[in-house]
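The next block is input_30.pdb, given as PDB, C-alpha atoms.
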MODEL        1
ATOM      1  CA  MET A 121     -48.965  30.756  -6.051
ATOM      2  CA  ASN A 122     -45.522  29.145  -6.529
ATOM      3  CA  MET A 123     -43.947  27.762  -3.423
ATOM      4  CA  ALA A 124     -40.600  26.077  -3.055
ATOM      5  CA  PRO A 125     -40.907  22.428  -2.092
ATOM      6  CA  HIS A 126     -40.356  21.759   1.581
ATOM      7  CA  THR A 127     -37.399  19.527   2.373
ATOM      8  CA  PRO A 128     -37.388  17.546   5.619
ATOM      9  CA  PHE A 129     -33.624  18.007   6.059
ATOM     10  CA  PRO A 130     -31.821  21.337   5.962
ATOM     11  CA  ILE A 131     -29.181  21.751   3.278
ATOM     12  CA  SER A 132     -25.773  21.387   4.893
ATOM     13  CA  SER A 133     -23.401  24.314   4.647
ATOM     14  CA  GLN A 134     -20.411  22.129   5.518
ATOM     15  CA  VAL A 135     -18.022  20.296   3.243
ATOM     16  CA  ALA A 136     -17.543  16.587   3.996
ATOM     17  CA  PHE A 137     -15.798  13.599   2.477
ATOM     18  CA  HIS A 138     -18.018  11.278   0.428
ATOM     19  CA  ARG A 139     -18.187   7.581   1.344
ATOM     20  CA  THR A 140     -15.972   6.592  -1.606
ATOM     21  CA  GLU A 141     -13.376   9.214  -0.645
ATOM     22  CA  LEU A 142     -13.357   7.987   2.949
ATOM     23  CA  ALA A 143     -12.955   4.395   1.751
ATOM     24  CA  LEU A 144      -9.727   5.340  -0.064
ATOM     25  CA  ILE A 145      -8.403   7.341   2.881
ATOM     26  CA  LEU A 146      -9.299   4.708   5.493
ATOM     27  CA  SER A 147      -7.749   1.947   3.401
ATOM     28  CA  LEU A 148      -4.431   3.811   3.413
ATOM     29  CA  TYR A 149      -4.874   4.645   7.104
ATOM     30  CA  GLY A 150      -5.368   0.974   7.998
ATOM     31  CA  ARG A 151      -2.220  -0.051   6.150
ATOM     32  CA  MET A 152      -0.193   2.683   7.871
ATOM     33  CA  VAL A 153      -1.532   1.646  11.294
ATOM     34  CA  ALA A 154      -0.572  -1.968  10.543
ATOM     35  CA  ALA A 155       2.929  -0.761   9.653
ATOM     36  CA  GLY A 156       3.121   1.078  12.989
ATOM     37  CA  GLU A 157       3.405   4.527  11.393
ATOM     38  CA  TRP A 158       0.060   6.088  12.337
ATOM     39  CA  ARG A 159      -2.071   5.709  15.458
ATOM     40  CA  ASP A 160      -4.985   8.135  15.396
ATOM     41  CA  TYR A 161      -7.000  10.367  13.097
ATOM     42  CA  GLY A 162      -9.493  13.195  13.223
ATOM     43  CA  ILE A 163     -12.040  14.467  10.718
ATOM     44  CA  SER A 164     -13.139  18.099  10.490
ATOM     45  CA  CYS A 165     -16.040  19.215   8.294
ATOM     46  CA  LEU A 166     -15.814  22.973   7.924
ATOM     47  CA  LYS A 167     -17.720  25.549   5.912
ATOM     48  CA  ASP A 168     -15.353  25.649   2.926
ATOM     49  CA  HIS A 169     -13.268  22.473   3.267
ATOM     50  CA  ALA A 170     -12.979  19.061   4.935
ATOM     51  CA  VAL A 171      -9.854  17.751   6.664
ATOM     52  CA  PHE A 172      -8.707  14.241   7.564
ATOM     53  CA  SER A 173      -5.811  14.634  10.016
ATOM     54  CA  VAL A 174      -3.383  11.810  10.769
ATOM     55  CA  PHE A 175      -1.463  11.526  14.043
ATOM     56  CA  ARG A 176       1.408   9.392  15.282
ATOM     57  CA  ARG A 177       0.233  10.038  18.859
ATOM     58  CA  THR A 178      -3.087  11.480  19.980
ATOM     59  CA  ALA A 179      -1.743  14.513  21.841
ATOM     60  CA  GLU A 180       0.418  16.024  19.126
ATOM     61  CA  HIS A 181       0.094  17.960  15.884
ATOM     62  CA  PRO A 182      -1.036  15.993  12.828
ATOM     63  CA  LEU A 183       1.688  14.378  10.727
ATOM     64  CA  TYR A 184      -0.400  14.877   7.592
ATOM     65  CA  ARG A 185      -3.659  16.519   6.624
ATOM     66  CA  ILE A 186      -5.681  15.282   3.674
ATOM     67  CA  GLU A 187      -7.842  18.207   2.610
ATOM     68  CA  LYS A 188     -10.783  18.627   0.267
ATOM     69  CA  HIS A 189     -11.477  22.139  -1.077
ATOM     70  CA  PRO A 190     -14.403  21.889  -3.553
ATOM     71  CA  LYS A 191     -13.930  25.489  -4.723
ATOM     72  CA  LEU A 192     -10.543  24.516  -6.190
ATOM     73  CA  ARG A 193     -11.835  21.557  -8.238
ATOM     74  CA  LEU A 194     -11.788  23.519 -11.508
ATOM     75  CA  LYS A 195      -8.384  25.084 -10.807
ATOM     76  CA  GLN A 196      -5.489  23.140  -9.262
ATOM     77  CA  GLY A 197      -7.607  20.315  -7.847
ATOM     78  CA  GLN A 198      -9.768  19.925  -4.784
ATOM     79  CA  TYR A 199      -7.586  17.368  -2.970
ATOM     80  CA  SER A 200      -4.278  18.020  -1.233
ATOM     81  CA  VAL A 201      -1.909  16.398   1.242
ATOM     82  CA  ILE A 202      -0.293  18.812   3.687
ATOM     83  CA  GLY A 203       2.798  17.862   5.712
ATOM     84  CA  LEU A 204       3.686  18.591   9.333
ATOM     85  CA  GLY A 205       5.319  21.928   8.535
ATOM     86  CA  GLY A 206       2.345  23.123   6.479
ATOM     87  CA  GLN A 207       3.938  22.399   3.107
ATOM     88  CA  THR A 208       1.741  21.012   0.332
ATOM     89  CA  LEU A 209       3.154  17.607  -0.605
ATOM     90  CA  LYS A 210       0.705  16.884  -3.439
ATOM     91  CA  ARG A 211      -2.386  18.513  -4.935
ATOM     92  CA  GLY A 212      -4.691  17.299  -7.660
ATOM     93  CA  HIS A 213      -8.096  16.409  -9.053
ATOM     94  CA  ASP A 214      -7.952  12.671  -8.290
ATOM     95  CA  LEU A 215      -7.818  11.616  -4.626
ATOM     96  CA  LYS A 216      -6.215   8.258  -5.387
ATOM     97  CA  SER A 217      -3.279   9.867  -7.203
ATOM     98  CA  VAL A 218      -2.876  12.515  -4.480
ATOM     99  CA  LEU A 219      -2.691   9.813  -1.784
ATOM    100  CA  ARG A 220       0.197   8.116  -3.625
ATOM    101  CA  VAL A 221       2.600  10.567  -1.985
ATOM    102  CA  LEU A 222       1.741   8.881   1.336
ATOM    103  CA  GLU A 223       1.807   5.361  -0.139
ATOM    104  CA  ARG A 224       5.495   5.880  -0.944
ATOM    105  CA  LYS A 225       6.086   6.399   2.755
ATOM    106  CA  LEU A 226       4.337   3.071   3.424
ATOM    107  CA  ILE A 227       6.702   1.282   1.036
ATOM    108  CA  ARG A 228       9.688   2.800   2.881
ATOM    109  CA  ALA A 229       8.228   1.821   6.277
ATOM    110  CA  VAL A 230       7.799  -1.817   5.202
ATOM    111  CA  ASN A 231      11.312  -1.990   3.713
ATOM    112  CA  ASP A 232      13.018  -0.600   6.843
TER     113      ASP A 232
ENDMDL
END
Serialized structure, structure tokens:
Amino acid sequence: MNMAPHTPFPISSQVAFHRTELALILSLYGRMVAAGEWRDYGISCLKDHAVFSVFRRTAEHPLYRIEKHPKLRLKQGQYSVIGLGGQTLKRGHDLKSVLRVLERKLIRAVND
């Protein structure tokens, strides 16, 4: 009789950011906080995508959303940065290159 092996932990049906992805995002977040641009963040792990939301103040809408959609990894890329109005600022396969759209804003904030 063939039986499937028992796993002690249930398989998660949620999408989440991996530790290396979070390291890149939190590195940028820390620099933006130091520049006085960002103040708070939130992470949502949903069934089909994960979202890292960035806020200037806690009680308002997110300035930016960094999203991970694994189903799009073979098409236009699983990572995207969404602006306040819902517009896609950058989308791609490499998180580091997608985050560069926000790094440009850091350069402007430091130069001001």
Query raised in the report: When the PyMOL selection byres ((chain A and resi 159-174) around 7) is applied to the file above, which residues end up in the set, as a list in words?
Result: Ser133, Gln134, Val135, Ala136, Phe137, Val153, Glu157, Trp158, Phe175, Arg176, Arg177, Thr178, Pro182, Leu183, Tyr184, Arg185, Ile186, Glu187, Lys188, His189 and Pro190 of chain A
Query raised in the report: Exactly which residues make up the result of the PyMOL selection byres ((chain A and resi 196-200) around 7) on this file, given as number ranges by chain?
Result: A: 186-195, 201-202, 208, 210-213, 215, 218
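If you look at atom CA of A:Arg224 and atom CA of A:Ala155, they are 12.8 Å away from each other.
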Around stretch 190-202 of chain A, fit a box with edges along x, y and z, padding it by 5 Å on each side, then list its centre and edge lengths in Å to one decimal as JSON.
{"center_x": -7.3, "center_y": 20.9, "center_z": -3.9, "size_x": 24.1, "size_y": 19.1, "size_z": 25.2}
Query - atom CA of A:Gly150 to atom CA of A:Asp214, straight-line distance in Å - result: 20.2 Å
Query raised in the report: For the atom pair atom CA of A:Leu204 and atom CA of A:Thr140, what is the interatomic distance in Å to one decimal place?
Result: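 Answer for the atom CA of A:Leu204 to atom CA of A:Thr140 separation: 25.5 Å.
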